[in-house]
>>> print(open('query_39.cif').read())   # mmCIF, C-alpha atoms
data_target
loop_
_atom_site.label_atom_id
_atom_site.label_comp_id
_atom_site.auth_asym_id
_atom_site.auth_seq_id
_atom_site.Cartn_x
_atom_site.Cartn_y
_atom_site.Cartn_z
CA MET N 1 131.39 143.72 142.46
CA SER N 2 128.18 143.85 140.47
CA GLU N 3 129.41 140.83 138.53
CA LYS N 4 129.74 138.90 141.79
CA LYS N 5 126.27 140.05 142.82
CA GLN N 6 124.92 138.90 139.49
CA LEU N 7 126.55 135.48 139.96
CA LEU N 8 125.14 135.11 143.50
CA LYS N 9 121.71 136.10 142.28
CA SER N 10 121.83 133.55 139.52
CA ILE N 11 123.06 130.81 141.93
CA PHE N 12 120.14 131.60 144.23
CA ILE N 13 117.55 131.57 141.46
CA SER N 14 118.88 128.30 139.98
CA THR N 15 119.00 126.43 143.30
CA PHE N 16 115.61 127.78 144.42
CA TYR N 17 113.98 126.79 141.14
CA LEU N 18 115.54 123.30 141.10
CA SER N 19 114.75 122.63 144.75
CA ALA N 20 111.11 123.56 144.20
CA PHE N 21 110.88 120.73 141.67
CA THR N 22 112.82 117.99 143.46
CA PHE N 23 110.04 115.44 143.71
CA GLY N 24 111.19 111.94 144.56
CA GLY N 25 114.29 112.21 146.71
CA GLY N 26 117.91 113.34 146.66
CA TYR N 27 118.97 111.68 143.43
CA VAL N 28 116.43 113.69 141.46
CA ILE N 29 118.10 116.98 142.38
CA ILE N 30 121.47 115.59 141.26
CA THR N 31 120.11 114.96 137.78
CA LEU N 32 118.40 118.37 137.70
CA MET N 33 121.56 120.15 138.87
CA LYS N 34 123.62 118.24 136.31
CA LYS N 35 121.29 119.34 133.51
CA LYS N 36 121.32 122.95 134.73
CA PHE N 37 124.94 123.56 135.77
CA VAL N 38 126.77 121.18 133.40
CA ASP N 39 124.67 121.01 130.22
CA GLU N 40 122.87 124.35 130.19
CA LEU N 41 125.04 126.90 132.01
CA LYS N 42 128.34 125.00 131.49
CA TRP N 43 129.64 126.32 134.83
CA ILE N 44 131.30 123.00 135.69
CA ASP N 45 132.12 119.78 133.79
CA GLU N 46 130.59 116.34 134.31
CA ASN N 47 133.53 114.87 136.23
CA GLU N 48 133.53 117.82 138.61
CA MET N 49 129.80 117.31 139.13
CA LEU N 50 130.31 113.61 139.93
CA ASN N 51 133.22 114.39 142.28
CA GLU N 52 131.10 116.87 144.20
CA THR N 53 128.20 114.42 144.31
CA ALA N 54 130.54 111.76 145.73
CA ILE N 55 131.68 114.14 148.46
CA ALA N 56 128.08 115.22 149.17
CA GLN N 57 127.03 111.58 149.49
CA SER N 58 129.93 110.75 151.83
CA ALA N 59 129.06 113.50 154.34
CA PRO N 60 126.13 113.42 156.78
CA GLY N 61 122.95 115.36 156.05
CA PRO N 62 120.58 115.65 153.07
CA ILE N 63 122.46 115.19 149.79
CA ALA N 64 120.63 118.11 148.16
CA VAL N 65 121.88 120.48 150.87
CA ASN N 66 125.42 119.05 150.77
CA LEU N 67 125.65 119.25 147.01
CA SER N 68 124.38 122.83 146.92
CA ILE N 69 127.03 123.83 149.49
CA LEU N 70 129.77 122.34 147.27
CA LEU N 71 128.44 123.88 144.07
CA GLY N 72 127.94 127.28 145.69
CA TYR N 73 131.41 127.15 147.22
CA LYS N 74 132.99 126.18 143.92
CA LEU N 75 131.26 129.00 142.03
CA ALA N 76 131.52 131.86 144.53
CA GLY N 77 133.23 130.81 147.78
CA ILE N 78 131.60 130.83 151.22
CA LEU N 79 129.09 133.46 150.17
CA GLY N 80 128.11 131.30 147.20
CA ALA N 81 127.62 128.33 149.53
CA ALA N 82 125.39 130.41 151.84
CA VAL N 83 123.28 131.64 148.95
CA SER N 84 122.83 128.18 147.44
CA ILE N 85 121.87 126.65 150.83
CA LEU N 86 119.23 129.34 151.19
CA GLY N 87 117.95 128.64 147.68
CA THR N 88 117.78 124.92 148.41
CA ILE N 89 115.99 125.03 151.79
CA LEU N 90 113.52 127.85 151.16
CA PRO N 91 111.14 125.97 148.81
CA PRO N 92 110.53 123.00 151.17
CA LEU N 93 110.35 125.40 154.14
CA ILE N 94 107.71 127.56 152.45
CA ILE N 95 105.72 124.67 150.93
CA LEU N 96 105.61 122.57 154.10
CA SER N 97 104.76 125.60 156.27
CA ILE N 98 101.73 126.32 154.13
CA LEU N 99 100.74 122.67 153.74
CA SER N 100 100.95 121.94 157.46
CA LEU N 101 97.73 123.97 157.80
CA PHE N 102 95.65 121.66 155.62
CA TYR N 103 97.81 118.64 154.90
CA THR N 104 95.07 116.01 155.15
CA ALA N 105 93.03 117.76 152.45
CA PHE N 106 96.14 117.96 150.27
CA ARG N 107 97.10 114.33 150.88
CA ASP N 108 93.64 113.03 149.95
CA ASN N 109 93.03 115.32 146.98
CA ILE N 110 92.48 113.27 143.76
CA ILE N 111 93.77 115.97 141.43
CA VAL N 112 96.98 116.41 143.41
CA ASN N 113 97.53 112.66 143.43
CA ALA N 114 96.88 112.33 139.68
CA VAL N 115 99.29 115.16 138.82
CA LEU N 116 101.96 113.64 141.08
CA LYS N 117 101.46 110.27 139.43
CA GLY N 118 101.98 111.91 136.04
CA MET N 119 105.08 113.74 137.24
CA GLN N 120 106.52 110.50 138.57
CA ALA N 121 106.79 109.15 135.02
CA GLY N 122 108.38 112.44 133.94
CA VAL N 123 110.94 112.19 136.76
CA ALA N 124 111.74 108.61 135.70
CA ALA N 125 112.35 109.87 132.14
CA ILE N 126 114.69 112.64 133.36
CA ILE N 127 116.76 110.24 135.49
CA ALA N 128 116.88 107.67 132.67
CA ASP N 129 118.09 110.33 130.23
CA VAL N 130 120.88 111.55 132.56
CA VAL N 131 121.93 108.03 133.61
CA LEU N 132 122.16 106.82 129.99
CA GLN N 133 124.33 109.76 129.09
CA MET N 134 126.60 109.49 132.16
CA GLY N 135 126.89 105.71 131.79
CA GLN N 136 127.87 106.23 128.14
CA ASP N 137 130.57 108.72 129.18
CA ILE N 138 131.99 106.26 131.73
CA ARG N 139 132.03 103.54 129.05
CA LYS N 140 133.88 105.86 126.63
CA GLU N 141 136.73 106.20 129.14
CA LYS N 142 137.49 102.55 128.26
CA ASN N 143 138.63 101.95 131.81
CA ILE N 144 137.82 98.37 132.84
CA LEU N 145 137.92 99.19 136.55
CA SER N 146 135.37 102.03 136.18
CA ILE N 147 132.95 99.81 134.29
CA PHE N 148 133.44 97.03 136.81
CA ILE N 149 132.76 99.48 139.70
CA MET N 150 129.67 100.84 137.99
CA ILE N 151 128.16 97.38 137.45
CA GLY N 152 129.24 96.16 140.90
CA ALA N 153 127.78 99.18 142.68
CA PHE N 154 124.52 98.79 140.81
CA ILE N 155 124.21 95.13 141.79
CA ALA N 156 125.14 95.94 145.38
CA THR N 157 122.60 98.72 145.82
CA TYR N 158 119.74 97.59 143.62
CA LEU N 159 119.75 93.80 143.81
CA LEU N 160 121.42 93.20 147.16
CA ASN N 161 120.02 96.27 148.95
CA ILE N 162 123.37 97.04 150.54
CA ASN N 163 123.44 100.32 152.46
CA VAL N 164 124.87 103.19 150.39
CA MET N 165 127.35 104.00 153.15
CA TYR N 166 129.08 100.61 152.75
CA ILE N 167 129.28 101.07 148.98
CA ILE N 168 130.94 104.46 149.47
CA LEU N 169 133.35 103.01 152.05
CA GLY N 170 134.14 100.08 149.72
CA CYS N 171 134.98 102.49 146.88
CA ILE N 172 137.19 104.58 149.16
CA PHE N 173 138.99 101.39 150.19
CA ILE N 174 139.52 100.33 146.56
CA GLY N 175 140.84 103.82 145.73
CA ILE N 176 143.34 103.69 148.60
CA MET N 177 144.49 100.20 147.60
CA LYS N 178 144.99 101.38 144.02
CA VAL N 179 147.21 104.28 145.13
CA LEU N 180 149.23 101.98 147.41
CA LEU N 181 149.73 99.42 144.63
CA GLN N 182 150.83 102.11 142.18
CA LYS N 183 153.33 103.41 144.72
CA ARG N 184 154.72 99.93 145.34
CA ARG N 185 155.01 99.25 141.60
CA ARG N 186 156.84 102.52 141.10
CA THR N 187 159.39 101.87 143.87
CA GLY N 188 159.76 98.31 142.56
CA ASN N 189 160.62 99.64 139.10
CA ASP N 190 163.14 102.07 140.58
CA ILE N 191 165.08 99.24 142.19
CA SER N 192 165.19 97.10 139.05
CA MET S 1 113.06 126.09 176.02
CA ILE S 2 111.23 124.62 173.05
CA TYR S 3 113.37 126.29 170.38
CA LEU S 4 116.57 124.81 171.79
CA GLU S 5 114.98 121.37 171.97
CA LEU S 6 113.83 121.60 168.35
CA PHE S 7 117.23 122.85 167.29
CA PHE S 8 119.20 120.08 168.99
CA SER S 9 116.83 117.29 168.01
CA PHE S 10 117.15 118.14 164.34
CA PHE S 11 120.85 118.88 164.74
CA GLN S 12 121.22 115.21 165.67
CA VAL S 13 119.11 114.13 162.69
CA GLY S 14 121.35 116.17 160.38
CA LEU S 15 124.54 114.90 161.99
CA PHE S 16 123.78 111.19 162.00
CA SER S 17 121.87 110.67 158.75
CA ILE S 18 124.61 109.39 156.47
CA GLY S 19 123.74 107.81 153.15
CA GLY S 20 120.89 110.11 152.29
CA GLY S 21 117.15 109.78 151.81
CA TYR S 22 115.48 107.18 153.90
CA ALA S 23 118.51 106.67 156.15
CA ALA S 24 117.19 109.68 158.06
CA LEU S 25 113.70 108.24 158.69
CA PRO S 26 114.37 106.11 161.80
CA LEU S 27 116.40 108.97 163.31
CA ILE S 28 113.57 111.43 162.76
CA GLN S 29 111.06 108.98 164.19
CA ASP S 30 113.22 108.48 167.30
CA GLN S 31 113.48 112.20 167.96
CA VAL S 32 109.98 113.27 167.04
CA VAL S 33 107.81 110.35 168.16
CA GLN S 34 109.73 108.47 170.87
CA ASN S 35 111.92 111.08 172.58
CA HIS S 36 109.69 114.14 172.52
CA GLY S 37 106.21 112.96 171.60
CA TRP S 38 105.84 115.89 169.20
CA LEU S 39 103.92 113.72 166.72
CA THR S 40 101.90 110.54 167.12
CA ILE S 41 102.93 107.60 164.96
CA ALA S 42 99.89 108.23 162.72
CA GLU S 43 100.92 111.86 162.22
CA PHE S 44 104.44 110.70 161.49
CA THR S 45 103.13 108.39 158.77
CA ASP S 46 101.20 111.34 157.33
CA LEU S 47 104.41 113.35 157.38
CA ILE S 48 106.20 110.71 155.30
CA THR S 49 103.34 110.66 152.79
CA ILE S 50 103.36 114.46 152.52
CA SER S 51 107.16 114.45 152.13
CA GLN S 52 106.87 112.12 149.19
CA MET S 53 104.30 114.41 147.59
CA THR S 54 106.29 117.61 148.02
CA PRO S 55 109.73 118.68 146.87
CA GLY S 56 112.73 118.80 149.18
CA PRO S 57 114.75 116.46 151.41
CA ILE S 58 112.69 114.47 153.89
CA ALA S 59 114.76 115.74 156.83
CA ILE S 60 114.06 119.38 155.94
CA ASN S 61 110.38 118.62 155.34
CA SER S 62 110.13 116.96 158.75
CA ALA S 63 111.94 119.80 160.49
CA THR S 64 109.56 122.34 158.99
CA PHE S 65 106.44 120.29 159.63
CA VAL S 66 107.29 119.47 163.25
CA GLY S 67 108.68 122.93 163.99
CA ILE S 68 105.61 124.76 162.75
CA ARG S 69 103.20 122.51 164.67
CA ILE S 70 105.15 122.80 167.92
CA ALA S 71 106.26 126.43 167.86
CA GLY S 72 104.96 128.17 164.73
CA LEU S 73 107.10 129.64 161.97
CA PRO S 74 110.06 130.49 164.26
CA GLY S 75 109.98 126.83 165.33
CA ALA S 76 110.08 125.67 161.71
CA ILE S 77 113.04 127.93 160.97
CA THR S 78 114.93 126.88 164.13
CA ALA S 79 114.43 123.17 163.43
CA THR S 80 115.48 123.54 159.79
CA LEU S 81 118.61 125.48 160.75
CA GLY S 82 119.47 122.78 163.30
CA CYS S 83 119.03 120.15 160.63
CA ILE S 84 121.38 121.77 158.10
CA LEU S 85 124.05 123.09 160.50
CA PRO S 86 126.06 119.81 160.64
CA SER S 87 126.08 119.72 156.81
CA CYS S 88 127.19 123.34 156.63
CA ILE S 89 130.14 122.75 158.93
CA ILE S 90 131.29 119.34 157.64
CA VAL S 91 130.74 119.93 153.93
CA SER S 92 132.36 123.40 154.07
CA ILE S 93 135.49 121.80 155.53
CA LEU S 94 135.44 119.06 152.86
CA ALA S 95 134.85 121.68 150.14
CA TYR S 96 137.78 123.75 151.41
CA ILE S 97 140.11 120.73 151.30
CA TYR S 98 138.81 119.52 147.94
CA PHE S 99 139.12 122.85 146.13
CA LYS S 100 142.43 123.79 147.79
CA TYR S 101 144.22 120.51 147.07
CA PRO S 102 142.56 119.01 143.97
CA ASP S 103 145.76 117.24 142.85
CA ILE S 104 146.50 114.98 145.82
CA PRO S 105 146.85 111.54 144.12
CA LEU S 106 144.90 109.78 146.88
CA MET S 107 141.90 112.10 146.52
CA LYS S 108 142.01 111.92 142.72
CA GLU S 109 142.03 108.12 142.71
CA VAL S 110 139.32 107.74 145.36
CA LEU S 111 137.05 110.18 143.51
CA GLY S 112 137.83 108.36 140.26
CA ILE S 113 136.52 105.15 141.83
CA LEU S 114 133.51 106.89 143.38
CA ARG S 115 132.35 108.52 140.13
CA PRO S 116 131.11 105.34 138.38
CA ALA S 117 129.59 104.18 141.70
CA ILE S 118 127.60 107.42 141.93
CA VAL S 119 126.25 106.85 138.41
CA ALA S 120 125.15 103.38 139.57
CA LEU S 121 123.43 104.82 142.67
CA ILE S 122 121.53 107.34 140.54
CA ALA S 123 120.59 104.54 138.12
CA SER S 124 119.27 102.41 140.98
CA ALA S 125 117.17 105.25 142.41
CA GLY S 126 115.86 105.98 138.91
CA LEU S 127 114.92 102.36 138.31
CA GLU S 128 113.00 102.22 141.58
CA ILE S 129 111.01 105.31 140.61
CA LEU S 130 110.43 103.85 137.13
CA ILE S 131 109.06 100.57 138.53
CA VAL S 132 106.70 102.31 140.97
CA SER S 133 105.60 104.55 138.12
CA PHE S 134 104.92 101.68 135.67
CA TRP S 135 103.51 99.04 138.05
CA ASN S 136 102.42 101.15 141.05
CA GLU S 137 103.11 99.64 144.47
CA ASN S 138 102.84 96.02 143.26
CA GLY S 139 106.37 96.02 141.86
CA PHE S 140 107.71 94.63 138.60
CA SER S 141 105.43 92.15 136.83
CA LEU S 142 105.34 90.48 133.42
CA GLU S 143 101.57 90.65 133.21
CA ILE S 144 100.61 93.28 130.65
CA SER S 145 97.33 94.01 132.44
CA LYS S 146 99.19 95.25 135.52
CA LEU S 147 101.13 97.82 133.49
CA ASP S 148 100.12 101.48 133.88
CA PHE S 149 99.95 102.49 130.20
CA ILE S 150 99.49 106.19 130.93
CA SER S 151 102.77 106.27 132.84
CA VAL S 152 104.56 104.32 130.12
CA GLY S 153 103.26 106.80 127.54
CA VAL S 154 104.29 109.81 129.62
CA PHE S 155 107.73 108.25 130.17
CA ILE S 156 108.28 107.76 126.42
CA LEU S 157 107.04 111.29 125.72
CA GLY S 158 109.46 112.61 128.39
CA ILE S 159 112.45 110.78 126.89
CA PHE S 160 111.47 112.06 123.44
CA LEU S 161 111.20 115.70 124.61
CA LEU S 162 114.52 115.50 126.49
CA ARG S 163 116.54 113.79 123.76
CA LYS S 164 115.03 115.14 120.53
CA PHE S 165 114.12 118.66 121.60
CA LYS S 166 116.62 119.07 124.44
CA MET S 167 113.74 120.41 126.52
CA ASN S 168 114.66 121.48 130.04
CA PRO S 169 113.70 118.99 132.78
CA ILE S 170 111.39 121.31 134.72
CA SER S 171 109.24 121.82 131.61
CA VAL S 172 109.23 118.05 131.05
CA MET S 173 108.02 117.57 134.63
CA ALA S 174 105.29 120.19 134.22
CA ILE S 175 104.11 118.62 130.94
CA SER S 176 104.10 115.10 132.48
CA GLY S 177 102.12 116.41 135.44
CA ILE S 178 99.49 118.01 133.24
CA ILE S 179 99.17 115.28 130.56
CA GLY S 180 99.69 112.30 132.89
CA GLY S 181 97.54 113.82 135.63
CA GLY S 182 94.77 114.67 133.18
CA LEU S 183 94.73 111.16 131.70
CA HIS S 184 94.78 109.52 135.13
CA LEU S 185 91.76 111.62 136.14
CA ILE S 186 89.76 110.86 132.99
CA MET S 187 90.47 107.12 132.75
#
>>> encode(input="query_39.cif", output="structure tokens")
Amino acid sequence: MSEKKQLLKSIFISTFYLSAFTFGGGYVIITLMKKKFVDELKWIDENEMLNETAIAQSAPGPIAVNLSILLGYKLAGILGAAVSILGTILPPLIILSILSLFYTAFRDNIIVNAVLKGMQAGVAAIIADVVLQMGQDIRKEKNILSIFIMIGAFIATYLLNINVMYIILGCIFIGIMKVLLQKRRRTGNDIS
Amino acid sequence: MIYLELFFSFFQVGLFSIGGGYAALPLIQDQVVQNHGWLTIAEFTDLITISQMTPGPIAINSATFVGIRIAGLPGAITATLGCILPSCIIVSILAYIYFKYPDIPLMKEVLGILRPAIVALIASAGLEILIVSFWNENGFSLEISKLDFISVGVFILGIFLLRKFKMNPISVMAISGIIGGGLHLIM
């Protein structure tokens, strides 16, 4: 029992701490969570992390909230999910509540803006580090289709500005086609 | 009943914002500016600016900001709960299916295709942040004079700390904020 409590406590602290530093949108928290839960705590492996991110991205709602539900659920069931949601939403709730009182002063403050500008470069470094490592791991699988999907998805989202939802749907379609083709090939082999 | 209105407005934002990030913006604007007049368009623009300067998903930031201005702290909490409730329901169902039946071939294959795509999406988001960081709002340019050297320096320092010293990302962010912020103020 106390072990479970300890786990819940550590899920809450991790998600709270990461959420408080998620400057720059949903994809930043993915890289932070990957560093924390995969590399540091080793609670899940990289493929599991990417699977959960794919599911989080396919469902409606903020990706940070969705991903924390999946991670919490995986680590400690429904209670784990509840705790990690709470950890994820409390920092923005607290920060925005306080800031709403004097947001114009905050927005126009030179020091705040300079620090944020500095942090932006740091965030870019963190994402670059994680992407290089994950891209390397995909390349090591030596699976032509995976590499093709990775390059194709990058072109689609970055150069062509195609909505993420269509990219996800396209991947789901390719996955279904692949399963159908494998099935057909198998039955074909059985006959011959 | 203002709490119910806040709850259901942000429930809709949470339910219909698929694709993450800025996909939610027009939905929030519809609810908050057009449908209810809770914020003026100028205040809404401020809200977006503040959201970019603070941690957390833009939908949650908006829910808190609007909620607290309309109905105080209980309003902020109600709006935020409304915003995350669709996620809680839908993702819990998906999580249940995913963890209960991890070996269905269809799910395995689809996730296998999605994994490299997710890496590409993260790469794209990272590259956008990198370009804004290096060239500010002007976008990518070959002219050396347009390059923000402080940001380039902080970026290289960050990569070095992460790769060589395996420093944790939050410390890297804090260091970039202090060093980069300090240099930006001085120069």
>>> resolve_selection(input="query_39.cif", expression="the PyMOL selection byres ((chain S and resi 79-83) around 7)", output="list in words")
Leu6, Phe7, Phe8, Phe10, Phe11, Val13, Gly14, Ile60, Ala63, Thr64, Gly67, Gly75, Ala76, Ile77, Thr78, Ile84 and Leu85 of chain S
>>> resolve_selection(input="query_39.cif", expression="the PyMOL selection byres ((chain S and resi 41-56) around 10)", output="PyMOL selection string")
(chain N and resi 18-26+28-29+62+64-65+88-93+95-96+99-100+103-104+106-107+112-113+116-117) or (chain S and resi 25+28-29+32-34+37-40+57-62+65-66)
>>> residues_near_point(input="query_39.cif", point="(113.3, 110.9, 125.7)", cutoff="12 Å", atoms="all atoms listed in the file", output="PyMOL selection string")
(chain N and resi 121-130+132-133) or (chain S and resi 152-169+172)
>>> write_last_selection(input="query_39.cif", atoms="C-alpha atoms", output="PDB file, in the frame of the given file")
ATOM      1  CA  ALA N 121     106.790 109.150 135.020  1.00  0.00           C
ATOM      2  CA  GLY N 122     108.380 112.440 133.940  1.00  0.00           C
ATOM      3  CA  VAL N 123     110.940 112.190 136.760  1.00  0.00           C
ATOM      4  CA  ALA N 124     111.740 108.610 135.700  1.00  0.00           C
ATOM      5  CA  ALA N 125     112.350 109.870 132.140  1.00  0.00           C
ATOM      6  CA  ILE N 126     114.690 112.640 133.360  1.00  0.00           C
ATOM      7  CA  ILE N 127     116.760 110.240 135.490  1.00  0.00           C
ATOM      8  CA  ALA N 128     116.880 107.670 132.670  1.00  0.00           C
ATOM      9  CA  ASP N 129     118.090 110.330 130.230  1.00  0.00           C
ATOM     10  CA  VAL N 130     120.880 111.550 132.560  1.00  0.00           C
ATOM     11  CA  LEU N 132     122.160 106.820 129.990  1.00  0.00           C
ATOM     12  CA  GLN N 133     124.330 109.760 129.090  1.00  0.00           C
TER      13      GLN N 133
ATOM     14  CA  VAL S 152     104.560 104.320 130.120  1.00  0.00           C
ATOM     15  CA  GLY S 153     103.260 106.800 127.540  1.00  0.00           C
ATOM     16  CA  VAL S 154     104.290 109.810 129.620  1.00  0.00           C
ATOM     17  CA  PHE S 155     107.730 108.250 130.170  1.00  0.00           C
ATOM     18  CA  ILE S 156     108.280 107.760 126.420  1.00  0.00           C
ATOM     19  CA  LEU S 157     107.040 111.290 125.720  1.00  0.00           C
ATOM     20  CA  GLY S 158     109.460 112.610 128.390  1.00  0.00           C
ATOM     21  CA  ILE S 159     112.450 110.780 126.890  1.00  0.00           C
ATOM     22  CA  PHE S 160     111.470 112.060 123.440  1.00  0.00           C
ATOM     23  CA  LEU S 161     111.200 115.700 124.610  1.00  0.00           C
ATOM     24  CA  LEU S 162     114.520 115.500 126.490  1.00  0.00           C
ATOM     25  CA  ARG S 163     116.540 113.790 123.760  1.00  0.00           C
ATOM     26  CA  LYS S 164     115.030 115.140 120.530  1.00  0.00           C
ATOM     27  CA  PHE S 165     114.120 118.660 121.600  1.00  0.00           C
ATOM     28  CA  LYS S 166     116.620 119.070 124.440  1.00  0.00           C
ATOM     29  CA  MET S 167     113.740 120.410 126.520  1.00  0.00           C
ATOM     30  CA  ASN S 168     114.660 121.480 130.040  1.00  0.00           C
ATOM     31  CA  PRO S 169     113.700 118.990 132.780  1.00  0.00           C
ATOM     32  CA  VAL S 172     109.230 118.050 131.050  1.00  0.00           C
TER      33      VAL S 172
END
>>> residues_around(input="query_39.cif", residues="Gly177 (chain S)", least_positions_apart="2", cutoff="9 Å", atoms="all atoms listed in the file", output="list of chain:residue names")
N:Ala114, N:Val115, N:Leu116, N:Lys117, N:Gly118, N:Met119, N:Gln120, N:Ala121, N:Gly122, S:Val172, S:Met173, S:Ala174, S:Ile175, S:Ile179, S:Gly180, S:Gly181, S:Gly182
>>> atom_distance(input="query_39.cif", atom1="CA of Glu109 (chain S)", atom2="CA of Met165 (chain N)")
18.5 Å
>>> resolve_selection(input="query_39.cif", expression="the PyMOL selection byres ((chain N and resi 149) around 10)", output="list in words")
Ile144, Leu145, Ser146, Ile147, Phe148, Met150, Ile151, Gly152, Ala153, Phe154, Ile155, Cys171 and Ile174 of chain N; Ile113, Leu114, Arg115, Pro116, Ala117, Ile118, Val119 and Ala120 of chain S
>>> closest_residue(input="query_39.cif", among="S:Lys100, S:Lys146, S:His36, S:His184", to="chain N", atoms="only C-alpha atoms")
S:His184
>>> atom_distance(input="query_39.cif", atom1="CA of Ile131 (chain S)", atom2="CA of Ile138 (chain N)")
24.6 Å
>>> closest_residue(input="query_39.cif", among="N:Val131, N:Val179, N:Leu169, N:Ala76", to="Leu50 (chain N)", atoms="all atoms listed in the file")
N:Val131
>>> closest_residue(input="query_39.cif", among="N:Gln182, N:Ser2, N:Thr187, N:Ser58", to="chain S", atoms="only C-alpha atoms")
N:Ser58
>>> residues_around(input="query_39.cif", residues="Ser124 (chain S)", least_positions_apart="3", cutoff="6 Å", atoms="all atoms listed in the file", output="MDAnalysis selection string")
(chainID N and resid 158) or (chainID S and resid 121 127)
>>> atom_distance(input="query_39.cif", atom1="CA of Gln136 (chain N)", atom2="CA of Met107 (chain S)")
23.9 Å
>>> closest_residue(input="query_39.cif", among="S:Leu183, S:Leu27, S:Ile150, S:Ile18", to="chain N", atoms="only C-alpha atoms")
S:Ile18
>>> closest_residue(input="query_39.cif", among="N:Asp137, N:Ile11, N:Leu159, N:Ala54", to="Tyr73 (chain N)", atoms="all atoms listed in the file")
N:Ile11
>>> closest_residue(input="query_39.cif", among="N:Arg186, N:Ile85, N:Lys4, N:Ile111", to="Ile178 (chain S)", atoms="all atoms listed in the file")
N:Ile111
>>> axis_aligned_box(input="query_39.cif", around="region 12-26 of chain N", padding_each_side="4 Å", output="AutoDock Vina command-line options")
--center_x 115.1 --center_y 121.8 --center_z 143.3 --size_x 18.1 --size_y 27.7 --size_z 14.7
